[in-house]
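**Student:** mmCIF, C-alpha atoms and all ligand atoms, file target.cif:
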```
data_my_file
#
loop_
_atom_site.label_atom_id
_atom_site.label_comp_id
_atom_site.auth_asym_id
_atom_site.auth_seq_id
_atom_site.Cartn_x
_atom_site.Cartn_y
_atom_site.Cartn_z
CA MET R 22 22.01 7.99 -5.62
CA ILE R 23 18.55 9.29 -6.52
CA ASP R 24 16.28 6.30 -5.99
CA LEU R 25 12.88 6.33 -7.73
CA ARG R 26 12.31 2.56 -7.59
CA SER R 27 9.99 2.66 -4.60
CA ASP R 28 9.03 4.56 -1.47
CA THR R 29 10.22 1.51 0.50
CA VAL R 30 13.79 2.79 0.03
CA THR R 31 13.21 5.69 2.45
CA ARG R 32 15.59 5.72 5.41
CA PRO R 33 14.79 6.80 8.96
CA THR R 34 15.60 10.47 9.55
CA ALA R 35 17.89 11.64 12.35
CA ALA R 36 14.86 12.72 14.40
CA MET R 37 13.19 9.33 13.90
CA ARG R 38 16.38 7.51 14.96
CA GLN R 39 16.49 9.67 18.07
CA VAL R 40 12.94 8.62 19.00
CA MET R 41 13.80 4.97 18.30
CA ALA R 42 16.91 5.10 20.47
CA GLN R 43 14.89 6.38 23.41
CA ALA R 44 11.83 4.15 22.97
CA ASP R 45 10.38 2.41 25.99
CA VAL R 46 10.25 -1.34 25.27
CA GLY R 47 9.06 -4.66 26.67
CA ASP R 48 8.22 -8.14 25.41
CA ASP R 49 5.39 -7.56 22.95
CA VAL R 50 4.38 -11.24 22.83
CA TYR R 51 3.45 -10.75 26.51
CA GLY R 52 1.71 -7.51 25.56
CA ASP R 53 4.35 -5.66 27.59
CA ASP R 54 5.77 -3.26 25.06
CA PRO R 55 4.44 0.22 25.84
CA SER R 56 5.57 1.68 22.52
CA VAL R 57 3.78 -1.04 20.53
CA ASN R 58 0.66 -0.66 22.66
CA ALA R 59 0.74 3.10 22.14
CA LEU R 60 1.13 2.78 18.36
CA GLU R 61 -1.67 0.23 18.09
CA ALA R 62 -4.00 2.39 20.20
CA GLN R 63 -3.07 5.56 18.32
CA VAL R 64 -3.72 4.14 14.85
CA ALA R 65 -6.89 2.28 15.87
CA GLU R 66 -8.27 5.49 17.31
CA ARG R 67 -7.33 7.54 14.28
CA ALA R 68 -9.09 4.99 12.07
CA GLY R 69 -12.18 4.69 14.24
CA LYS R 70 -11.51 0.98 14.80
CA ALA R 71 -11.57 -0.89 18.10
CA ALA R 72 -8.11 -2.47 17.82
CA ALA R 73 -4.89 -2.70 15.84
CA LEU R 74 -2.02 -5.15 15.50
CA PHE R 75 1.61 -4.33 14.66
CA LEU R 76 3.22 -6.72 12.17
CA PRO R 77 6.65 -6.85 10.53
CA THR R 78 5.49 -6.46 6.91
CA GLY R 79 2.51 -5.51 4.80
CA THR R 80 2.54 -8.96 3.23
CA GLN R 81 2.17 -10.65 6.60
CA ALA R 82 -0.47 -8.10 7.64
CA ASN R 83 -2.53 -8.93 4.53
CA LEU R 84 -2.02 -12.67 5.03
CA VAL R 85 -3.11 -12.49 8.66
CA ALA R 86 -6.05 -10.29 7.62
CA LEU R 87 -7.24 -12.90 5.11
CA LEU R 88 -6.66 -15.82 7.50
CA SER R 89 -8.73 -13.98 10.12
CA HIS R 90 -11.64 -13.35 7.71
CA CYS R 91 -11.83 -16.61 5.74
CA GLN R 92 -11.84 -20.28 6.64
CA ARG R 93 -10.26 -23.03 4.54
CA GLY R 94 -12.30 -23.49 1.35
CA GLU R 95 -13.77 -20.00 1.41
CA GLU R 96 -13.21 -17.28 -1.13
CA TYR R 97 -12.19 -13.63 -1.34
CA ILE R 98 -12.89 -11.30 -4.25
CA VAL R 99 -9.79 -9.29 -5.14
CA GLY R 100 -8.21 -7.28 -7.95
CA GLN R 101 -6.30 -9.16 -10.64
CA LYS R 102 -3.31 -6.85 -9.99
CA ALA R 103 -3.88 -6.42 -6.25
CA HIS R 104 -0.86 -6.94 -4.04
CA ASN R 105 -2.64 -9.50 -1.85
CA TYR R 106 -3.47 -11.61 -4.89
CA LEU R 107 -0.55 -11.15 -7.28
CA TYR R 108 2.47 -10.13 -5.21
CA GLU R 109 2.26 -12.15 -2.01
CA ALA R 110 3.41 -15.49 -3.41
CA GLY R 111 -0.05 -16.99 -3.16
CA GLY R 112 0.10 -16.94 0.65
CA ALA R 113 -3.66 -16.98 1.22
CA ALA R 114 -4.02 -20.08 -0.97
CA VAL R 115 -0.88 -21.85 0.28
CA LEU R 116 -1.19 -21.16 3.99
CA GLY R 117 -4.94 -20.59 4.37
CA SER R 118 -6.48 -22.74 1.61
CA ILE R 119 -8.40 -19.56 0.79
CA GLN R 120 -9.46 -19.32 -2.84
CA PRO R 121 -9.00 -15.99 -4.59
CA GLN R 122 -11.62 -14.77 -7.08
CA PRO R 123 -9.63 -12.15 -8.99
CA LEU R 124 -11.39 -9.45 -11.05
CA ASP R 125 -9.99 -6.81 -13.41
CA ALA R 126 -9.90 -3.37 -11.84
CA ALA R 127 -11.25 -0.35 -13.70
CA GLU R 128 -8.92 2.48 -14.79
CA ASP R 129 -9.56 4.32 -11.54
CA GLY R 130 -8.43 1.38 -9.40
CA THR R 131 -11.93 0.33 -8.30
CA LEU R 132 -13.39 -3.15 -8.72
CA PRO R 133 -16.65 -2.50 -10.62
CA LEU R 134 -19.47 -3.46 -8.27
CA ASP R 135 -21.59 -5.13 -10.96
CA LYS R 136 -18.68 -7.50 -11.56
CA VAL R 137 -18.29 -8.02 -7.81
CA ILE R 138 -22.00 -8.89 -7.53
CA ALA R 139 -21.71 -11.32 -10.45
CA ALA R 140 -18.74 -13.01 -8.75
CA ILE R 141 -20.48 -13.63 -5.41
CA LYS R 142 -21.23 -17.33 -5.32
CA PRO R 143 -24.73 -18.61 -4.58
CA ASP R 144 -25.26 -20.99 -1.67
CA ASP R 145 -24.62 -24.21 -3.57
CA ILE R 146 -22.27 -27.09 -2.75
CA HIS R 147 -20.42 -26.56 -6.03
CA PHE R 148 -18.96 -23.28 -4.88
CA ALA R 149 -16.46 -21.98 -2.38
CA PRO R 150 -18.51 -19.62 -0.18
CA THR R 151 -17.62 -15.96 -0.84
CA ARG R 152 -16.66 -14.29 2.45
CA LEU R 153 -14.72 -11.17 1.68
CA LEU R 154 -14.25 -8.28 -0.71
CA SER R 155 -10.66 -7.02 -0.68
CA LEU R 156 -9.94 -3.58 -2.16
CA GLU R 157 -6.61 -1.78 -2.52
CA ASN R 158 -6.27 1.93 -1.71
CA THR R 159 -4.23 3.41 -3.27
CA HIS R 160 -4.10 1.02 -6.24
CA ASN R 161 -1.20 1.83 -8.60
CA GLY R 162 -1.23 5.32 -7.11
CA LYS R 163 -4.97 5.80 -7.75
CA VAL R 164 -7.17 6.91 -4.87
CA LEU R 165 -10.49 5.06 -4.57
CA PRO R 166 -13.32 7.63 -4.51
CA LEU R 167 -15.18 7.87 -1.19
CA ALA R 168 -18.54 7.48 -2.99
CA TYR R 169 -17.32 4.17 -4.43
CA LEU R 170 -16.15 2.95 -1.02
CA GLN R 171 -19.51 3.81 0.45
CA GLN R 172 -21.29 1.80 -2.27
CA ALA R 173 -18.92 -1.14 -1.80
CA TRP R 174 -19.54 -0.98 1.94
CA GLN R 175 -23.30 -0.93 1.40
CA LEU R 176 -23.08 -3.88 -0.98
CA THR R 177 -21.04 -5.97 1.44
CA ARG R 178 -23.52 -5.19 4.24
CA GLU R 179 -26.39 -6.37 2.04
CA ARG R 180 -24.59 -9.52 0.92
CA GLY R 181 -23.08 -10.53 4.25
CA LEU R 182 -19.46 -10.12 3.14
CA ALA R 183 -16.62 -8.56 5.06
CA LEU R 184 -14.69 -5.70 3.44
CA HIS R 185 -10.91 -5.44 3.77
CA ILE R 186 -8.78 -2.60 2.41
CA ASP R 187 -5.14 -3.23 1.61
CA GLY R 188 -4.13 0.28 2.56
CA ALA R 189 -0.36 -0.02 2.27
CA ARG R 190 -0.56 3.60 1.05
CA ILE R 191 -3.88 4.55 2.66
CA MET R 192 -2.31 7.65 4.24
CA ASN R 193 -1.43 8.83 0.73
CA ALA R 194 -5.11 8.37 -0.15
CA ALA R 195 -6.24 10.37 2.90
CA VAL R 196 -3.80 13.20 2.17
CA ALA R 197 -4.75 13.28 -1.53
CA LEU R 198 -8.44 13.53 -0.61
CA GLY R 199 -7.74 16.03 2.19
CA VAL R 200 -9.65 13.90 4.70
CA GLU R 201 -8.90 12.15 7.99
CA LEU R 202 -8.06 8.45 7.85
CA GLU R 203 -11.40 7.65 9.45
CA ALA R 204 -13.30 9.13 6.48
CA ILE R 205 -11.91 6.20 4.43
CA THR R 206 -11.75 3.44 7.04
CA ARG R 207 -15.39 3.87 8.11
CA TYR R 208 -16.14 1.94 4.91
CA CYS R 209 -14.26 -1.24 5.83
CA ASP R 210 -14.20 -3.92 8.49
CA SER R 211 -10.43 -4.18 8.45
CA PHE R 212 -7.50 -2.51 6.75
CA THR R 213 -3.72 -2.69 6.61
CA LEU R 214 -1.32 0.27 6.55
CA CYS R 215 2.42 0.24 5.77
CA LEU R 216 4.72 2.37 7.88
CA SER R 217 7.77 1.46 5.83
CA LYS R 218 6.80 3.08 2.52
CA GLY R 219 6.20 6.81 2.17
CA LEU R 220 5.92 7.15 5.94
CA GLY R 221 9.60 6.36 6.13
CA THR R 222 10.11 3.81 8.93
CA PRO R 223 12.55 0.89 8.53
CA MET R 224 9.78 -1.71 8.88
CA GLY R 225 6.28 -2.38 10.14
CA SER R 226 2.64 -2.50 9.16
CA LEU R 227 -0.63 -2.36 11.05
CA LEU R 228 -3.82 -4.34 10.73
CA CYS R 229 -6.88 -2.62 12.23
CA GLY R 230 -10.40 -3.86 12.85
CA PRO R 231 -12.92 -4.99 15.47
CA ALA R 232 -11.55 -6.23 18.83
CA GLU R 233 -12.51 -9.89 18.44
CA TYR R 234 -11.18 -9.92 14.87
CA ILE R 235 -7.83 -8.48 15.98
CA ALA R 236 -7.68 -11.00 18.83
CA ARG R 237 -7.96 -13.75 16.18
CA ALA R 238 -5.38 -11.99 14.04
CA ARG R 239 -2.99 -11.92 17.00
CA ARG R 240 -3.04 -15.73 17.07
CA TRP R 241 -2.43 -15.94 13.30
CA ARG R 242 0.43 -13.45 13.64
CA LYS R 243 2.03 -15.72 16.25
CA MET R 244 1.47 -18.82 14.10
CA THR R 245 3.04 -17.19 11.06
CA GLY R 246 6.10 -16.17 13.05
CA GLY R 247 5.30 -12.51 13.50
CA GLY R 248 5.33 -12.36 17.30
CA MET R 249 8.15 -9.94 18.04
CA ARG R 250 9.78 -9.01 21.34
CA GLN R 251 11.28 -5.56 22.15
CA ILE R 252 9.87 -4.24 18.90
CA GLY R 253 8.84 -0.95 20.47
CA ILE R 254 12.00 0.45 18.89
CA MET R 255 10.22 0.07 15.55
CA ALA R 256 6.77 0.98 16.86
CA ALA R 257 8.19 4.26 18.17
CA ALA R 258 9.37 5.03 14.64
CA GLY R 259 5.81 4.30 13.51
CA SER R 260 4.27 6.68 16.02
CA TYR R 261 6.77 9.32 15.00
CA ALA R 262 5.87 8.79 11.34
CA MET R 263 2.13 8.99 12.00
CA GLU R 264 2.72 12.34 13.68
CA HIS R 265 5.37 13.91 11.47
CA HIS R 266 5.36 12.19 8.08
CA VAL R 267 1.71 12.17 7.05
CA ALA R 268 1.01 15.80 6.07
CA ARG R 269 4.30 15.93 4.16
CA LEU R 270 3.09 13.19 1.79
CA GLN R 271 1.52 16.09 -0.12
CA GLU R 272 5.06 17.11 -1.14
CA ASP R 273 5.60 13.66 -2.67
CA HIS R 274 2.30 14.00 -4.54
CA ASP R 275 3.22 17.49 -5.79
CA ASN R 276 6.61 16.16 -6.85
CA ALA R 277 5.06 13.27 -8.78
CA ARG R 278 2.74 15.69 -10.56
CA TRP R 279 5.65 18.01 -11.31
CA LEU R 280 7.79 15.17 -12.66
CA GLU R 281 4.87 14.05 -14.81
CA GLN R 282 4.56 17.53 -16.34
CA GLN R 283 8.29 17.78 -16.98
CA LEU R 284 8.47 14.37 -18.65
CA ARG R 285 5.39 15.08 -20.70
CA ALA R 286 7.08 18.25 -21.95
CA LEU R 287 9.86 15.93 -23.22
CA ASP R 288 7.19 13.92 -25.11
CA VAL R 289 7.52 10.97 -22.75
CA GLU R 290 4.30 8.95 -22.84
CA ILE R 291 2.54 9.00 -19.47
CA VAL R 292 0.36 5.98 -18.61
CA ALA R 293 -2.96 7.04 -17.00
CA PRO R 294 -1.96 10.74 -16.76
CA GLY R 295 -2.81 12.88 -13.78
CA ALA R 296 -0.76 11.43 -10.90
CA GLN R 297 -2.99 11.56 -7.80
CA THR R 298 -0.39 10.46 -5.27
CA ASN R 299 3.32 9.56 -5.40
CA ILE R 300 3.31 7.07 -8.27
CA LEU R 301 3.78 7.73 -11.95
CA PHE R 302 3.99 5.29 -14.89
CA VAL R 303 5.66 6.06 -18.21
CA ARG R 304 5.74 3.97 -21.38
CA LEU R 305 9.00 3.44 -23.28
CA SER R 306 9.90 1.67 -26.51
CA ASP R 307 11.54 -1.72 -25.95
CA THR R 308 14.97 -0.45 -26.99
CA ARG R 309 14.78 2.60 -24.73
CA ALA R 310 13.40 0.47 -21.91
CA ALA R 311 16.40 -1.84 -22.15
CA ALA R 312 18.89 1.05 -22.20
CA LEU R 313 17.37 3.43 -19.65
CA GLY R 314 18.04 1.53 -16.39
CA PRO R 315 21.81 1.00 -16.82
CA TRP R 316 22.25 4.45 -18.40
CA MET R 317 20.59 6.16 -15.44
CA ARG R 318 22.38 3.99 -12.90
CA GLU R 319 25.75 5.10 -14.29
CA ARG R 320 24.62 8.66 -13.65
CA GLY R 321 23.37 8.09 -10.12
CA VAL R 322 19.67 7.42 -10.67
CA LEU R 323 17.99 4.13 -9.77
CA LEU R 324 14.86 3.13 -11.72
CA ASN R 325 12.93 -0.08 -12.28
CA ALA R 326 13.09 0.53 -16.01
CA GLY R 327 10.89 -1.48 -18.37
CA PRO R 328 8.37 -0.95 -21.18
CA VAL R 329 6.18 0.49 -18.42
CA THR R 330 8.43 2.21 -15.90
CA ARG R 331 7.09 3.06 -12.47
CA LEU R 332 8.52 6.17 -10.83
CA ILE R 333 7.87 6.78 -7.16
CA THR R 334 8.50 9.98 -5.23
CA HIS R 335 9.19 9.95 -1.49
CA LEU R 336 10.80 11.75 1.40
CA ASP R 337 14.36 10.98 0.32
CA VAL R 338 13.96 12.65 -3.11
CA THR R 339 13.87 16.43 -3.39
CA ARG R 340 12.45 18.59 -6.19
CA ASP R 341 16.04 19.57 -7.09
CA GLN R 342 16.97 15.94 -7.52
CA LEU R 343 13.92 15.41 -9.71
CA GLY R 344 15.12 18.36 -11.79
CA GLN R 345 18.41 16.48 -12.28
CA VAL R 346 16.47 13.39 -13.35
CA VAL R 347 14.54 15.44 -15.92
CA ASN R 348 17.78 16.86 -17.35
CA LEU R 349 19.28 13.38 -17.54
CA TRP R 350 16.13 12.04 -19.20
CA LYS R 351 16.41 14.74 -21.84
CA ALA R 352 20.03 13.77 -22.52
CA PHE R 353 19.04 10.10 -22.64
CA LEU R 354 16.33 10.77 -25.24
CA ALA R 355 18.77 12.76 -27.36
CA GLU R 356 21.25 9.86 -27.30
CA HIS R 357 18.58 7.20 -27.91
CA ALA R 358 16.44 8.86 -30.60
C1 LIG T 1 4.08 -2.86 -0.45
C2 LIG T 1 2.69 -3.32 -0.45
C3 LIG T 1 2.28 -4.37 0.37
C4 LIG T 1 3.22 -5.23 1.21
O1 LIG T 1 4.20 -4.62 1.86
P1 LIG T 1 5.56 -5.32 2.36
O2 LIG T 1 5.76 -4.60 3.63
O3 LIG T 1 6.56 -5.00 1.31
O4 LIG T 1 5.32 -6.76 2.56
C5 LIG T 1 0.95 -4.72 0.35
N1 LIG T 1 0.09 -4.07 -0.42
C6 LIG T 1 0.43 -3.07 -1.24
C7 LIG T 1 -0.60 -2.40 -2.09
C8 LIG T 1 1.75 -2.65 -1.28
O5 LIG T 1 2.10 -1.65 -2.09
#
```
Re-express the file's structure as structure tokens.
Ligand SMILES: *Cc1c(COP(=O)(O)O)cnc(C)c1O
**Tutor:**
Amino acid sequence: MIDLRSDTVTRPTAAMRQVMAQADVGDDVYGDDPSVNALEAQVAERAGKAAALFLPTGTQANLVALLSHCQRGEEYIVGQKAHNYLYEAGGAAVLGSIQPQPLDAAEDGTLPLDKVIAAIKPDDIHFAPTRLLSLENTHNGKVLPLAYLQQAWQLTRERGLALHIDGARIMNAAVALGVELEAITRYCDSFTLCLSKGLGTPMGSLLCGPAEYIARARRWRKMTGGGMRQIGIMAAAGSYAMEHHVARLQEDHDNARWLEQQLRALDVEIVAPGAQTNILFVRLSDTRAAALGPWMRERGVLLNAGPVTRLITHLDVTRDQLGQVVNLWKAFLAEHA
């Protein structure tokens, strides 16, 4: 099967499995797992942060991040379509009594700072105190410009807010910009990073930030059931991915751009053209949207087909396979004129 539904479908390579099989492990709840400690130290250092915490999922990493920034009855400003508002089952509200203040993102994935300023609540008993600005990078495949991040950082310093980046795909952002991770993460207090998407590990995310913040996060991770034991097997996969699977993200980006050009040549409507990373959106008529998924599945291609179909490139899809998808798409359009 050629699977373009998500980069979460990537499977560990033979070399990664080898590293996992040989990983040194211990009980991580006791702080005894050398592979976890190494991964946390490695990523914190690369990001220019004091500490990092390994968690099972990006959702839990974001939840723990929010719980560690905001008290009950406080507020975070977040994108209307941000993962840690829309796609995490309301965890911050349910488990933290943290109120979201969602804002519409601009086309480029940024939250316009004039709207952020307008949403910061004055010190008045009517309001939930605003504590945090949460950005997402990449957002729908869009890379937040460094100049924007710097302004957002400046604003949060002036207004006494913390700044968190949901960086599930932050390594895609760094590779797309051609910068080190630290060039992005210098503009945040904390950020999360997913190892299990384009980086290709079976599971795992990191939360990075200041030492006392991560110490608090460690308690929240335990409380939310994320204290794991001989999890160095997974952390070793993470270290391997940080070493061997970052630079190659450029291939996924080139493939997304190539696929975009090929589909455009077939007159497929591209949403927000100019793929910056590994994510592409195309618009389909309702009838084609209903037919495309099953039609492609029968021919060995998995898609989350809908009126807006998201296509994601990753390390388990080659350019040749994308060529097959383009040929199939052409045949599909001919059959569904
Ligand atoms: C996938 C994703 C997450 C959460 O990751 P899981 O590991 O699936 O829980 C968080 N934020 C963004 C932007 C994501 O794309």
**Student:** May I have the residues within 7 Å of Ala82 in chain R as a list in words, using all atoms listed in the file and disregarding those fewer than 3 positions away in the same chain?
**Tutor:**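 The residues that qualify are Leu76, Thr78, Gly79, Val85, Ala86, Thr213, Ser226, Leu227 and Leu228 of chain R.
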**Student:** Selection from above, C-alpha atoms, as a compact mmCIF listing (two decimals), in the frame of the given file, can you write it?
**Tutor:**
```txt
# COMPACT_ATOMS: atom_id res chain seq x y z
CA LEU R 76 3.22 -6.72 12.17
CA THR R 78 5.49 -6.46 6.91
CA GLY R 79 2.51 -5.51 4.80
CA VAL R 85 -3.11 -12.49 8.66
CA ALA R 86 -6.05 -10.29 7.62
CA THR R 213 -3.72 -2.69 6.61
CA SER R 226 2.64 -2.50 9.16
CA LEU R 227 -0.63 -2.36 11.05
CA LEU R 228 -3.82 -4.34 10.73
```
**Student:** Hey, which bits of range 200-278 of chain R sit within 12 Å of range 103-117 of chain R, and for each residue what's the closest pair of atoms and how far apart in Å (one decimal), counting only C-alpha atoms, rows by chain and increasing number, as JSON lines?
**Tutor:**
```
{"residue": "R:Thr213", "atom": "CA", "partner": "R:Asn105", "partner_atom": "CA", "distance": 10.9}
{"residue": "R:Trp241", "atom": "CA", "partner": "R:Gly117", "partner_atom": "CA", "distance": 10.4}
{"residue": "R:Met244", "atom": "CA", "partner": "R:Leu116", "partner_atom": "CA", "distance": 10.7}
{"residue": "R:Thr245", "atom": "CA", "partner": "R:Leu116", "partner_atom": "CA", "distance": 9.1}
```
**Student:** Take the residues from that selection and put them in a file with C-alpha atoms, as a PDB file, in the frame of the given file.
**Tutor:**
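Dumped to out-v1.pdb:
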```
ATOM      1  CA  THR R 213      -3.720  -2.690   6.610  1.00  0.00           C
ATOM      2  CA  TRP R 241      -2.430 -15.940  13.300  1.00  0.00           C
ATOM      3  CA  MET R 244       1.470 -18.820  14.100  1.00  0.00           C
ATOM      4  CA  THR R 245       3.040 -17.190  11.060  1.00  0.00           C
TER       5      THR R 245
END
```
**Student:** Neighbours of Arg320 in chain R within 10 Å (only C-alpha atoms; same-chain residues fewer than 2 positions away dropped), as a list in words?
**Tutor:** Met22, Ile23, Pro315, Trp316, Met317, Arg318, Val322, Leu323, Val346 and Leu349 of chain R
**Student:** Identify which of the residues R:Glu264, R:Glu61, R:Glu201, R:Asp49 lies closest to Leu220 in chain R, counting all atoms listed in the file when measuring atom-to-atom distances.
**Tutor:**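 Closest to Leu220 in chain R of all the choices is R:Glu264.
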**Student:** Taking all atoms listed in the file into account, name the residue in R:Ser217, R:Thr308, R:Thr330, R:Gln39 that is nearest to ligand LIG 1 (chain T).
**Tutor:**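 Closest to ligand LIG 1 (chain T) of all the choices is R:Ser217.
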**Student:** Which residue out of R:Arg32, R:Lys218, R:Lys142, R:Lys163 has the minimum interatomic distance to ligand LIG 1 (chain T) when all atoms listed in the file are used?
**Tutor:**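 Of R:Arg32, R:Lys218, R:Lys142, R:Lys163, the one nearest ligand LIG 1 (chain T) is R:Lys218, counting all atoms listed in the file.
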**Student:** Return the single residue from R:Arg304, R:Arg309, R:Lys243, R:His185 that is closest to ligand LIG 1 (chain T), with distances computed using all atoms listed in the file.
**Tutor:**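 The answer is R:His185, which sits nearest to ligand LIG 1 (chain T).
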